[in-house]
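run-v1.txt (compact mmCIF, C-alpha atoms and all ligand atoms) appears below.
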```
# COMPACT_ATOMS: atom_id res chain seq x y z
CA MET Q 1 14.18 -3.03 1.28
CA SER Q 2 13.74 -5.93 -1.14
CA TRP Q 3 15.64 -5.82 -4.46
CA ILE Q 4 12.39 -5.76 -6.44
CA GLN Q 5 11.51 -2.35 -4.98
CA ARG Q 6 14.31 -0.93 -7.11
CA TYR Q 7 12.02 -1.65 -10.07
CA PRO Q 8 8.76 0.12 -9.20
CA HIS Q 9 7.59 0.11 -12.82
CA LEU Q 10 7.85 -3.68 -12.89
CA LEU Q 11 5.83 -3.82 -9.67
CA GLU Q 12 3.07 -1.60 -11.00
CA LEU Q 13 2.83 -3.81 -14.09
CA THR Q 14 2.55 -6.85 -11.81
CA TYR Q 15 -0.15 -5.08 -9.79
CA THR Q 16 -2.08 -4.25 -12.97
CA ALA Q 17 -1.79 -7.86 -14.17
CA ALA Q 18 -2.98 -9.24 -10.80
CA ASP Q 19 -5.91 -6.81 -10.81
CA ARG Q 20 -6.95 -7.95 -14.30
CA PHE Q 21 -6.45 -11.61 -13.45
CA LEU Q 22 -8.54 -11.50 -10.27
CA ARG Q 23 -11.32 -9.21 -11.56
CA PRO Q 24 -13.36 -11.99 -13.24
CA PHE Q 25 -13.42 -13.82 -9.89
CA CYS Q 26 -14.82 -10.80 -8.04
CA GLY Q 27 -17.91 -12.74 -7.02
CA TRP Q 28 -15.79 -15.24 -5.12
CA LEU Q 29 -13.76 -12.60 -3.35
CA LYS Q 30 -15.93 -12.14 -0.28
CA ARG Q 31 -15.19 -11.89 3.44
CA GLY Q 32 -15.00 -15.19 5.32
CA GLY Q 33 -14.47 -18.68 4.00
CA TRP Q 34 -11.52 -20.45 2.45
CA VAL Q 35 -10.94 -17.95 -0.36
CA GLU Q 36 -10.22 -15.17 2.09
CA HIS Q 37 -8.00 -17.47 4.19
CA LEU Q 38 -6.05 -18.38 1.08
CA LEU Q 39 -5.67 -14.74 0.09
CA ILE Q 40 -4.59 -13.72 3.58
CA ARG Q 41 -1.86 -16.36 3.58
CA THR Q 42 -0.78 -15.45 0.04
CA GLU Q 43 -0.68 -11.71 0.77
CA SER Q 44 1.13 -12.26 4.03
CA LEU Q 45 3.80 -14.42 2.37
CA THR Q 46 4.30 -12.41 -0.82
CA LYS Q 47 3.81 -8.83 0.35
CA GLY Q 48 5.45 -9.65 3.66
CA SER Q 49 8.69 -10.66 2.00
CA LEU Q 50 8.59 -8.05 -0.78
CA PHE Q 51 7.30 -4.98 1.06
CA ASP Q 52 7.52 -5.82 4.77
CA CYS Q 53 3.69 -5.73 4.68
CA ARG Q 54 1.96 -5.32 8.06
CA MET Q 55 -1.41 -6.64 6.79
CA CYS Q 56 -3.37 -3.45 7.36
CA GLY Q 57 -6.03 -4.79 4.98
CA GLN Q 58 -6.25 -1.49 3.08
CA CYS Q 59 -3.40 -1.72 0.65
CA VAL Q 60 -2.25 1.51 -0.95
CA LEU Q 61 1.07 0.33 -2.37
CA HIS Q 62 0.32 1.49 -5.91
CA SER Q 63 -0.46 4.98 -4.54
CA THR Q 64 2.71 5.18 -2.47
CA GLY Q 65 5.47 4.28 -4.90
CA MET Q 66 5.18 0.58 -4.03
CA THR Q 67 6.45 1.47 -0.56
CA CYS Q 68 4.40 0.32 2.42
CA PRO Q 69 3.43 3.36 4.53
CA MET Q 70 2.83 1.08 7.53
CA THR Q 71 6.60 0.60 7.76
CA CYS Q 72 6.89 4.26 8.76
CA PRO Q 73 7.46 4.19 12.56
CA LYS Q 74 4.60 6.67 12.86
CA ASN Q 75 2.39 4.75 10.39
CA LEU Q 76 1.86 7.92 8.37
CA ARG Q 77 -0.19 7.30 5.24
CA ASN Q 78 -0.27 10.77 3.75
CA GLY Q 79 3.29 11.93 3.48
CA PRO Q 80 6.18 12.47 5.85
CA CYS Q 81 6.18 14.09 9.26
CA GLY Q 82 8.19 17.22 9.89
CA GLY Q 83 11.13 15.29 11.24
CA VAL Q 84 12.80 14.02 8.08
CA ARG Q 85 16.54 14.60 8.42
CA GLN Q 86 18.48 16.60 5.86
CA ASP Q 87 20.00 13.41 4.49
CA GLY Q 88 16.51 11.97 3.93
CA HIS Q 89 16.63 9.65 6.92
CA CYS Q 90 13.97 9.02 9.55
CA GLU Q 91 13.90 11.02 12.77
CA VAL Q 92 12.85 7.93 14.79
CA LEU Q 93 15.19 5.42 13.12
CA PRO Q 94 18.17 7.50 11.93
CA GLU Q 95 19.79 4.49 10.23
CA LYS Q 96 16.75 4.09 7.98
CA ARG Q 97 15.75 6.26 5.01
CA CYS Q 98 12.37 7.94 5.40
CA VAL Q 99 9.64 5.74 3.97
CA TRP Q 100 8.11 8.78 2.28
CA VAL Q 101 11.35 9.91 0.68
CA GLU Q 102 11.58 6.45 -0.88
CA ALA Q 103 7.88 6.46 -1.79
CA TRP Q 104 8.27 9.78 -3.61
CA GLU Q 105 11.41 8.71 -5.49
CA ARG Q 106 9.85 5.41 -6.58
CA SER Q 107 6.57 7.02 -7.61
CA GLN Q 108 8.55 9.19 -10.07
CA ARG Q 109 9.52 5.97 -11.86
CA MET Q 110 5.93 4.70 -12.15
CA PRO Q 111 4.31 5.96 -15.36
CA VAL Q 112 0.96 4.26 -14.67
CA TYR Q 113 0.22 4.94 -11.00
CA GLY Q 114 2.95 7.40 -10.05
CA SER Q 115 0.61 10.41 -9.97
CA GLU Q 116 -1.51 8.72 -7.28
CA ILE Q 117 1.01 9.86 -4.70
CA HIS Q 118 -0.76 13.24 -4.88
CA LYS Q 119 -4.01 11.70 -3.65
CA VAL Q 120 -5.09 12.22 -0.08
CA LEU Q 121 -5.65 8.69 1.24
CA PRO Q 122 -8.48 7.83 3.62
CA PRO Q 123 -7.79 7.36 7.32
CA LEU Q 124 -6.80 3.85 8.34
CA ASP Q 125 -9.55 1.64 9.74
CA GLN Q 126 -7.87 -0.63 12.29
CA SER Q 127 -10.81 -3.06 12.19
CA TYR Q 128 -9.50 -4.31 8.82
CA SER Q 129 -6.13 -5.27 10.25
CA GLY Q 130 -5.19 -8.86 9.35
CA THR Q 131 -7.80 -9.17 6.60
CA SER Q 132 -7.29 -9.50 2.84
CA ALA Q 133 -6.69 -6.23 1.04
CA TRP Q 134 -7.68 -7.83 -2.30
CA ILE Q 135 -11.09 -8.72 -0.88
CA HIS Q 136 -11.63 -5.10 0.14
CA HIS Q 137 -10.25 -3.84 -3.16
CA PHE Q 138 -12.82 -5.74 -5.21
CA GLY Q 139 -15.61 -5.39 -2.69
CA HIS Q 140 -15.03 -1.62 -2.57
CA THR Q 141 -14.95 -1.80 1.19
CA ALA Q 142 -12.38 -0.16 3.45
CA LYS Q 143 -12.62 3.16 1.62
CA GLY Q 144 -12.56 5.27 4.72
CA PRO Q 145 -15.18 6.41 7.20
CA LYS Q 146 -18.66 7.58 6.32
CA GLY Q 147 -18.52 11.01 4.75
CA TRP Q 148 -15.00 10.49 3.45
CA GLN Q 149 -14.51 11.83 -0.06
CA GLU Q 150 -11.58 11.09 -2.28
CA SER Q 151 -9.72 14.18 -3.37
CA VAL Q 152 -6.71 14.88 -5.53
CA GLU Q 153 -4.30 17.69 -4.74
CA ASP Q 154 -2.47 19.43 -7.55
S1 LIG K 201 -0.39 -0.82 2.75
FE1 LIG K 201 -1.24 -2.38 4.18
S2 LIG K 201 -1.71 -4.19 2.94
FE2 LIG K 201 -0.36 -2.83 1.70
S3 LIG K 201 1.71 -3.57 2.03
FE3 LIG K 201 1.33 -1.99 3.58
S4 LIG K 201 0.50 -3.02 5.44
FE4 LIG K 201 0.41 -4.43 3.66
```

Give the structure from the file, written as structure tokens.
Amino acid sequence: MSWIQRYPHLLELTYTAADRFLRPFCGWLKRGGWVEHLLIRTESLTKGSLFDCRMCGQCVLHSTGMTCPMTCPKNLRNGPCGGVRQDGHCEVLPEKRCVWVEAWERSQRMPVYGSEIHKVLPPLDQSYSGTSAWIHHFGHTAKGPKGWQESVED
């Protein structure tokens, strides 16, 4: 865990600022070309060191308490498995806290995006692996398979 993850509210403010900063350049943020290469390198360096990002290309950090779900040994993107130990640690890696326990705790300290943890996230599309999540964010691609509908559970 990086120290900055202790401050999820600061991270969501940074995410909001980055979203606002990049939005006017939406037209440039397309697949292929030097802009995507630059973004891939930037995301890999920054999110890699801050969140242990695995470059899935479909970033959901703001919906998961600024905790990367791909660091779960089972790559679960919609909550924990049934094997979370009583002390909140992982059944596969007992020395590690469950990614989803941390995601839940951090989301409770995120006034802007914290409630998004209740959303059911779309299935992962492996074909986006290694691509830029920002490109897909602004291009509204990588939103799940055909027929997928976003839903919110209360
Ligand atoms: S959700 Fe995907 S893009 Fe976001 S930090 Fe995790 S691996 Fe990286």

List as a tab-separated table (two decimals) with C-alpha atoms, in the frame of the given file: which residues have an atom within 8 Å of (8.7, -7.7, -2.6), counting all atoms listed in the file?
```
chain	number	residue	atom	x	y	z
Q	2	SER	CA	13.74	-5.93	-1.14
Q	3	TRP	CA	15.64	-5.82	-4.46
Q	4	ILE	CA	12.39	-5.76	-6.44
Q	5	GLN	CA	11.51	-2.35	-4.98
Q	46	THR	CA	4.30	-12.41	-0.82
Q	47	LYS	CA	3.81	-8.83	0.35
Q	48	GLY	CA	5.45	-9.65	3.66
Q	49	SER	CA	8.69	-10.66	2.00
Q	50	LEU	CA	8.59	-8.05	-0.78
Q	51	PHE	CA	7.30	-4.98	1.06
Q	52	ASP	CA	7.52	-5.82	4.77
```

inquiry  = Which residues are near ligand LIG 201 (chain K) - at most 9 Å, using only C-alpha atoms and all ligand atoms? Format: as JSON, numbers by chain.
reply    = {"Q": [43, 44, 47, 48, 50, 51, 52, 53, 54, 55, 56, 57, 58, 59, 60, 61, 62, 64, 66, 67, 68, 69, 70, 71, 77, 129, 130, 131, 132, 133, 134]}

Generate a file of the selected residues that holds C-alpha atoms, formatted as a PDB file, keeping the file's coordinate frame.
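Contents of the output file part_11.pdb:
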```pdb
ATOM      1  CA  GLU Q  43      -0.680 -11.710   0.770  1.00  0.00           C
ATOM      2  CA  SER Q  44       1.130 -12.260   4.030  1.00  0.00           C
ATOM      3  CA  LYS Q  47       3.810  -8.830   0.350  1.00  0.00           C
ATOM      4  CA  GLY Q  48       5.450  -9.650   3.660  1.00  0.00           C
ATOM      5  CA  LEU Q  50       8.590  -8.050  -0.780  1.00  0.00           C
ATOM      6  CA  PHE Q  51       7.300  -4.980   1.060  1.00  0.00           C
ATOM      7  CA  ASP Q  52       7.520  -5.820   4.770  1.00  0.00           C
ATOM      8  CA  CYS Q  53       3.690  -5.730   4.680  1.00  0.00           C
ATOM      9  CA  ARG Q  54       1.960  -5.320   8.060  1.00  0.00           C
ATOM     10  CA  MET Q  55      -1.410  -6.640   6.790  1.00  0.00           C
ATOM     11  CA  CYS Q  56      -3.370  -3.450   7.360  1.00  0.00           C
ATOM     12  CA  GLY Q  57      -6.030  -4.790   4.980  1.00  0.00           C
ATOM     13  CA  GLN Q  58      -6.250  -1.490   3.080  1.00  0.00           C
ATOM     14  CA  CYS Q  59      -3.400  -1.720   0.650  1.00  0.00           C
ATOM     15  CA  VAL Q  60      -2.250   1.510  -0.950  1.00  0.00           C
ATOM     16  CA  LEU Q  61       1.070   0.330  -2.370  1.00  0.00           C
ATOM     17  CA  HIS Q  62       0.320   1.490  -5.910  1.00  0.00           C
ATOM     18  CA  THR Q  64       2.710   5.180  -2.470  1.00  0.00           C
ATOM     19  CA  MET Q  66       5.180   0.580  -4.030  1.00  0.00           C
ATOM     20  CA  THR Q  67       6.450   1.470  -0.560  1.00  0.00           C
ATOM     21  CA  CYS Q  68       4.400   0.320   2.420  1.00  0.00           C
ATOM     22  CA  PRO Q  69       3.430   3.360   4.530  1.00  0.00           C
ATOM     23  CA  MET Q  70       2.830   1.080   7.530  1.00  0.00           C
ATOM     24  CA  THR Q  71       6.600   0.600   7.760  1.00  0.00           C
ATOM     25  CA  ARG Q  77      -0.190   7.300   5.240  1.00  0.00           C
ATOM     26  CA  SER Q 129      -6.130  -5.270  10.250  1.00  0.00           C
ATOM     27  CA  GLY Q 130      -5.190  -8.860   9.350  1.00  0.00           C
ATOM     28  CA  THR Q 131      -7.800  -9.170   6.600  1.00  0.00           C
ATOM     29  CA  SER Q 132      -7.290  -9.500   2.840  1.00  0.00           C
ATOM     30  CA  ALA Q 133      -6.690  -6.230   1.040  1.00  0.00           C
ATOM     31  CA  TRP Q 134      -7.680  -7.830  -2.300  1.00  0.00           C
TER      32      TRP Q 134
END
```

ask   = By how many Å are atom CA of Ser115 of chain Q and atom CA of Val84 of chain Q apart?
value =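 These two atoms are separated by 22.1 Å.
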
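Counting from atom CA of Cys72 of chain Q, the distance to atom CA of Gln86 of chain Q is 17.2 Å.
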
ask   = Within 12 Å of Trp104 of chain Q, counting only C-alpha atoms, which residues qualify if same-chain residues fewer than 3 places away don't, as a ChimeraX atom specification?
value = /Q:8,61-69,78-80,88,97-101,107-110,113-118

message = Using only C-alpha atoms and a cutoff of 10 Å, can you tell me which residues are near (-8.9, -12.5, -9.0) in the file's coordinates, and write them out as a PyMOL selection string?
response = chain Q and resi 17-29+39+134-135+138

inquiry  = Restricting the calculation to only C-alpha atoms: of Q:Tyr7, Q:Tyr128, Q:Trp148, Q:Tyr15, which residue gets closest to Glu105 of chain Q?
reply    = Q:Tyr7

As lines of an AutoDock Vina configuration file: centre and edge lengths in Å, one decimal, of the axis-aligned box holding segment 38-56 of chain Q with 5 Å per side:
```
center_x = 1.3
center_y = -10.9
center_z = 3.6
size_x = 24.7
size_y = 24.9
size_z = 18.9
```

Coordinates-based distance that separates atom CA of Glu36 of chain Q from atom CA of Ala103 of chain Q (Å, one decimal) = 28.5 Å
